Amino acid sequence: LAKPYAGQNPVGWMMSEKLDGVRAVWDGAAFKSRSGNTLQVPAWFSAGLPPDVVLDGELWEGRGQFQQSVGKVRSGKGEWSGMRFMIFDTVSDQPFTARLHALQALDLPAHCAIVEHVRCESEAHLEEYERTVLAQGGEGVMLRRADSPYQHKRSADLLKLKRFQTDEAVIVGYKDGLGRNAGLVGAFVCEWMGKTFQLGAGLSDHERGNPPALGSRVTFSFFDTTDGCLPRHPSFVGVRDYE
């Protein structure tokens, strides 16, 4: 798990695009969620993956397709032809650059790919790389220390550079919709960090008409916080029920 980038010297670190997919680990026999639950994927999707290598990555259908990816992972159904397993690490005792080299030597199915990593040459290089990612519709940059070991915890060896933050909140109520949303949910009333706020941006008509149950945990994005410690410009991302 990554810590936020806060101006640390990035020279020599390995940069990659932060993917907005569903975190998944191939344990040699099945795909597992971050919390260890088995994910239901089509049999063909697992076929051809190595039985003796643990692969860490994201089930990803493309930039801006998080909700679509979550829906397929949640149900284990739907058309998976567009889904890819984007691999960014493997579990071993080697430093990251050696692990990356081992990944690149694997014979993988066509729907699997190794996430491209670029060595950072300077702060200006990082800024240029971030601008390119954002211009292509990406959501941020990951920075990994080149000689870092694989760690099963939040680590300062893995940093996340993302202007918009994401977090989780719990639905505690609903606000009725107005205008074109009359008769539907206008916003979820959510509890976060001991405070409540309304989450309406990013909701589809289907979600407004079929809202998650009270107590559901949802992911939302936001840009900084207000003076009252509420999320600024919060936007719904998805229901956190797939792990």
# chains A, B, ... in the order shown; residues from 1 in each chain; ligands from 1
>>> residues_around(residues="Glu127 in chain A", least_positions_apart="5", cutoff="12 Å", atoms="only C-alpha atoms", output="ChimeraX atom specification")
/A:7,10-11,15,120-122,132-134,140-141,161-162
>>> select_by_dssp(residues="range 8-235 of chain A", states="alpha helix (DSSP H)", output="VMD selection string")
chain A and resid 43 to 46 66 to 75 96 to 104 123 to 135 205 to 209
>>> atom_distance(atom1="CA of Leu108 in chain A", atom2="CA of Glu61 in chain A")
17.5 Å
>>> select_by_dssp(residues="range 8-190 of chain A", states="strand (DSSP E)", output="number ranges by chain")
A: 14-17, 22-26, 31-32, 55-60, 84-90, 112-114, 118-119, 141-144, 155-161, 165-176, 185-190
>>> residues_around(residues="range 45-59 of chain A", least_positions_apart="4", cutoff="6 Å", atoms="only C-alpha atoms", output="VMD selection string")
chain A and resid 21 to 28 84 to 91 109
>>> closest_residue(among="A:Val41, A:Ala182, A:Ala102, A:Leu158", to="Gly78 in chain A", atoms="only C-alpha atoms")
A:Val41
>>> residues_around(residues="range 79-82 of chain A", least_positions_apart="4", cutoff="10 Å", atoms="only C-alpha atoms", output="list of chain:residue names")
A:Val41, A:Pro42, A:Trp44, A:Phe45, A:Trp60, A:Glu61, A:Gly62, A:Ser69, A:Lys72, A:Val73, A:His111
>>> write_last_selection(atoms="C-alpha atoms", output="PDB file, in the first residue's frame")
ATOM      1  CA  VAL A  41     -13.357 -14.579 -13.031  1.00  0.00           C
ATOM      2  CA  PRO A  42     -14.075 -16.506 -16.245  1.00  0.00           C
ATOM      3  CA  TRP A  44     -10.367 -18.514 -19.755  1.00  0.00           C
ATOM      4  CA  PHE A  45      -9.093 -15.446 -17.920  1.00  0.00           C
ATOM      5  CA  TRP A  60      -8.488  -2.969 -15.473  1.00  0.00           C
ATOM      6  CA  GLU A  61     -10.678  -2.204 -18.457  1.00  0.00           C
ATOM      7  CA  GLY A  62      -9.234   1.158 -19.374  1.00  0.00           C
ATOM      8  CA  SER A  69     -14.685  -3.002 -14.121  1.00  0.00           C
ATOM      9  CA  LYS A  72     -17.861  -7.288 -13.729  1.00  0.00           C
ATOM     10  CA  VAL A  73     -15.591  -8.223 -10.840  1.00  0.00           C
ATOM     11  CA  HIS A 111      -4.961 -10.178 -21.819  1.00  0.00           C
TER      12      HIS A 111
END
>>> residues_around(residues="Gln198 in chain A", least_positions_apart="4", cutoff="7 Å", atoms="only C-alpha atoms", output="list in words")
Ala187, Phe188, Val189 and Cys190 of chain A
>>> write_last_selection(atoms="N, CA, C and O atoms", output="PDB file, in the first residue's frame")
ATOM      1  N   ALA A 187     -28.825  12.703  -3.647  1.00  0.00           N
ATOM      2  CA  ALA A 187     -27.472  12.544  -3.102  1.00  0.00           C
ATOM      3  C   ALA A 187     -27.504  11.524  -1.973  1.00  0.00           C
ATOM      4  O   ALA A 187     -28.529  11.336  -1.311  1.00  0.00           O
ATOM      5  N   PHE A 188     -26.392  10.855  -1.781  1.00  0.00           N
ATOM      6  CA  PHE A 188     -26.214  10.019  -0.598  1.00  0.00           C
ATOM      7  C   PHE A 188     -25.744  10.915   0.539  1.00  0.00           C
ATOM      8  O   PHE A 188     -24.893  11.785   0.338  1.00  0.00           O
ATOM      9  N   VAL A 189     -26.284  10.706   1.725  1.00  0.00           N
ATOM     10  CA  VAL A 189     -25.756  11.368   2.916  1.00  0.00           C
ATOM     11  C   VAL A 189     -24.733  10.408   3.519  1.00  0.00           C
ATOM     12  O   VAL A 189     -25.076   9.272   3.879  1.00  0.00           O
ATOM     13  N   CYS A 190     -23.499  10.848   3.583  1.00  0.00           N
ATOM     14  CA  CYS A 190     -22.407   9.949   3.974  1.00  0.00           C
ATOM     15  C   CYS A 190     -21.711  10.426   5.241  1.00  0.00           C
ATOM     16  O   CYS A 190     -21.637  11.631   5.514  1.00  0.00           O
TER      17      CYS A 190
END
>>> closest_residue(among="A:Met83, A:Glu139, A:Ile171, A:Asp241", to="Ala110 in chain A", atoms="only C-alpha atoms")
A:Met83
>>> residues_around(residues="range 222-238 of chain A", least_positions_apart="5", cutoff="6 Å", atoms="only C-alpha atoms", output="ChimeraX atom specification")
/A:164-165,201-202
>>> atom_distance(atom1="CA of Glu116 in chain A", atom2="CA of Ala135 in chain A")
17.1 Å
>>> residues_around(residues="Leu184 in chain A", least_positions_apart="5", cutoff="10 Å", atoms="only C-alpha atoms", output="list in words")
Tyr174, Lys175, Asp176, Gly177, Leu178, Gly179, Asp205, His206, Glu207, Arg208, Gly209, Asn210 and Pro211 of chain A
>>> decode(residues="range 27-38 of chain A", atoms="all heavy atoms", output="PDB file, in the first residue's frame")
ATOM      1  N   ASP A  27      -2.556 -15.837  -7.032  1.00  0.00           N
ATOM      2  CA  ASP A  27      -1.744 -16.577  -6.070  1.00  0.00           C
ATOM      3  C   ASP A  27      -1.222 -17.897  -6.615  1.00  0.00           C
ATOM      4  O   ASP A  27      -0.686 -18.724  -5.865  1.00  0.00           O
ATOM      5  CB  ASP A  27      -2.520 -16.808  -4.773  1.00  0.00           C
ATOM      6  CG  ASP A  27      -3.707 -17.753  -4.934  1.00  0.00           C
ATOM      7  OD1 ASP A  27      -3.945 -18.249  -6.057  1.00  0.00           O
ATOM      8  OD2 ASP A  27      -4.408 -17.995  -3.929  1.00  0.00           O
ATOM      9  N   GLY A  28      -1.380 -18.101  -7.907  1.00  0.00           N
ATOM     10  CA  GLY A  28      -0.951 -19.341  -8.543  1.00  0.00           C
ATOM     11  C   GLY A  28      -2.092 -20.273  -8.835  1.00  0.00           C
ATOM     12  O   GLY A  28      -1.946 -21.224  -9.612  1.00  0.00           O
ATOM     13  N   ALA A  29      -3.247 -19.995  -8.219  1.00  0.00           N
ATOM     14  CA  ALA A  29      -4.411 -20.851  -8.439  1.00  0.00           C
ATOM     15  C   ALA A  29      -5.691 -20.051  -8.653  1.00  0.00           C
ATOM     16  O   ALA A  29      -6.610 -20.519  -9.312  1.00  0.00           O
ATOM     17  CB  ALA A  29      -4.599 -21.798  -7.244  1.00  0.00           C
ATOM     18  N   ALA A  30      -5.761 -18.859  -8.084  1.00  0.00           N
ATOM     19  CA  ALA A  30      -6.982 -18.052  -8.163  1.00  0.00           C
ATOM     20  C   ALA A  30      -6.634 -16.582  -7.985  1.00  0.00           C
ATOM     21  O   ALA A  30      -5.545 -16.236  -7.514  1.00  0.00           O
ATOM     22  CB  ALA A  30      -7.981 -18.496  -7.090  1.00  0.00           C
ATOM     23  N   PHE A  31      -7.570 -15.728  -8.366  1.00  0.00           N
ATOM     24  CA  PHE A  31      -7.426 -14.297  -8.116  1.00  0.00           C
ATOM     25  C   PHE A  31      -8.018 -13.970  -6.751  1.00  0.00           C
ATOM     26  O   PHE A  31      -9.124 -14.406  -6.426  1.00  0.00           O
ATOM     27  CB  PHE A  31      -8.146 -13.481  -9.200  1.00  0.00           C
ATOM     28  CG  PHE A  31      -7.391 -13.372 -10.486  1.00  0.00           C
ATOM     29  CD1 PHE A  31      -7.678 -14.215 -11.556  1.00  0.00           C
ATOM     30  CD2 PHE A  31      -6.384 -12.431 -10.629  1.00  0.00           C
ATOM     31  CE1 PHE A  31      -6.977 -14.117 -12.754  1.00  0.00           C
ATOM     32  CE2 PHE A  31      -5.671 -12.324 -11.822  1.00  0.00           C
ATOM     33  CZ  PHE A  31      -5.969 -13.172 -12.881  1.00  0.00           C
ATOM     34  N   LYS A  32      -7.281 -13.198  -5.965  1.00  0.00           N
ATOM     35  CA  LYS A  32      -7.737 -12.809  -4.636  1.00  0.00           C
ATOM     36  C   LYS A  32      -7.819 -11.283  -4.536  1.00  0.00           C
ATOM     37  O   LYS A  32      -7.029 -10.558  -5.143  1.00  0.00           O
ATOM     38  CB  LYS A  32      -6.763 -13.328  -3.560  1.00  0.00           C
ATOM     39  CG  LYS A  32      -6.638 -14.842  -3.511  1.00  0.00           C
ATOM     40  CD  LYS A  32      -7.944 -15.490  -3.060  1.00  0.00           C
ATOM     41  CE  LYS A  32      -7.854 -17.004  -2.968  1.00  0.00           C
ATOM     42  NZ  LYS A  32      -6.946 -17.447  -1.893  1.00  0.00           N
ATOM     43  N   SER A  33      -8.784 -10.809  -3.754  1.00  0.00           N
ATOM     44  CA  SER A  33      -8.916  -9.382  -3.512  1.00  0.00           C
ATOM     45  C   SER A  33      -7.896  -8.946  -2.470  1.00  0.00           C
ATOM     46  O   SER A  33      -7.198  -9.775  -1.867  1.00  0.00           O
ATOM     47  CB  SER A  33     -10.324  -9.061  -3.005  1.00  0.00           C
ATOM     48  OG  SER A  33     -10.493  -9.535  -1.675  1.00  0.00           O
ATOM     49  N   ARG A  34      -7.815  -7.641  -2.243  1.00  0.00           N
ATOM     50  CA  ARG A  34      -6.878  -7.107  -1.260  1.00  0.00           C
ATOM     51  C   ARG A  34      -7.123  -7.689   0.125  1.00  0.00           C
ATOM     52  O   ARG A  34      -6.196  -7.859   0.916  1.00  0.00           O
ATOM     53  CB  ARG A  34      -6.996  -5.576  -1.218  1.00  0.00           C
ATOM     54  CG  ARG A  34      -5.922  -4.884  -0.415  1.00  0.00           C
ATOM     55  CD  ARG A  34      -5.990  -3.386  -0.604  1.00  0.00           C
ATOM     56  NE  ARG A  34      -7.235  -2.825  -0.111  1.00  0.00           N
ATOM     57  CZ  ARG A  34      -7.555  -1.540  -0.194  1.00  0.00           C
ATOM     58  NH1 ARG A  34      -6.728  -0.700  -0.793  1.00  0.00           N
ATOM     59  NH2 ARG A  34      -8.702  -1.101   0.278  1.00  0.00           N
ATOM     60  N   SER A  35      -8.401  -8.011   0.425  1.00  0.00           N
ATOM     61  CA  SER A  35      -8.734  -8.569   1.737  1.00  0.00           C
ATOM     62  C   SER A  35      -8.672 -10.090   1.766  1.00  0.00           C
ATOM     63  O   SER A  35      -9.004 -10.705   2.782  1.00  0.00           O
ATOM     64  CB  SER A  35     -10.128  -8.096   2.163  1.00  0.00           C
ATOM     65  OG  SER A  35     -11.093  -8.441   1.190  1.00  0.00           O
ATOM     66  N   GLY A  36      -8.272 -10.715   0.651  1.00  0.00           N
ATOM     67  CA  GLY A  36      -8.085 -12.162   0.647  1.00  0.00           C
ATOM     68  C   GLY A  36      -9.251 -12.970   0.133  1.00  0.00           C
ATOM     69  O   GLY A  36      -9.189 -14.210   0.128  1.00  0.00           O
ATOM     70  N   ASN A  37     -10.326 -12.309  -0.318  1.00  0.00           N
ATOM     71  CA  ASN A  37     -11.466 -13.039  -0.859  1.00  0.00           C
ATOM     72  C   ASN A  37     -11.171 -13.494  -2.291  1.00  0.00           C
ATOM     73  O   ASN A  37     -10.508 -12.793  -3.055  1.00  0.00           O
ATOM     74  CB  ASN A  37     -12.720 -12.157  -0.857  1.00  0.00           C
ATOM     75  CG  ASN A  37     -13.159 -11.795   0.551  1.00  0.00           C
ATOM     76  OD1 ASN A  37     -13.065 -12.605   1.462  1.00  0.00           O
ATOM     77  ND2 ASN A  37     -13.637 -10.574   0.732  1.00  0.00           N
ATOM     78  N   THR A  38     -11.699 -14.668  -2.653  1.00  0.00           N
ATOM     79  CA  THR A  38     -11.522 -15.173  -4.011  1.00  0.00           C
ATOM     80  C   THR A  38     -12.440 -14.426  -4.958  1.00  0.00           C
ATOM     81  O   THR A  38     -13.636 -14.300  -4.718  1.00  0.00           O
ATOM     82  CB  THR A  38     -11.825 -16.680  -4.070  1.00  0.00           C
ATOM     83  OG1 THR A  38     -10.916 -17.375  -3.208  1.00  0.00           O
ATOM     84  CG2 THR A  38     -11.666 -17.204  -5.490  1.00  0.00           C
TER      85      THR A  38
END
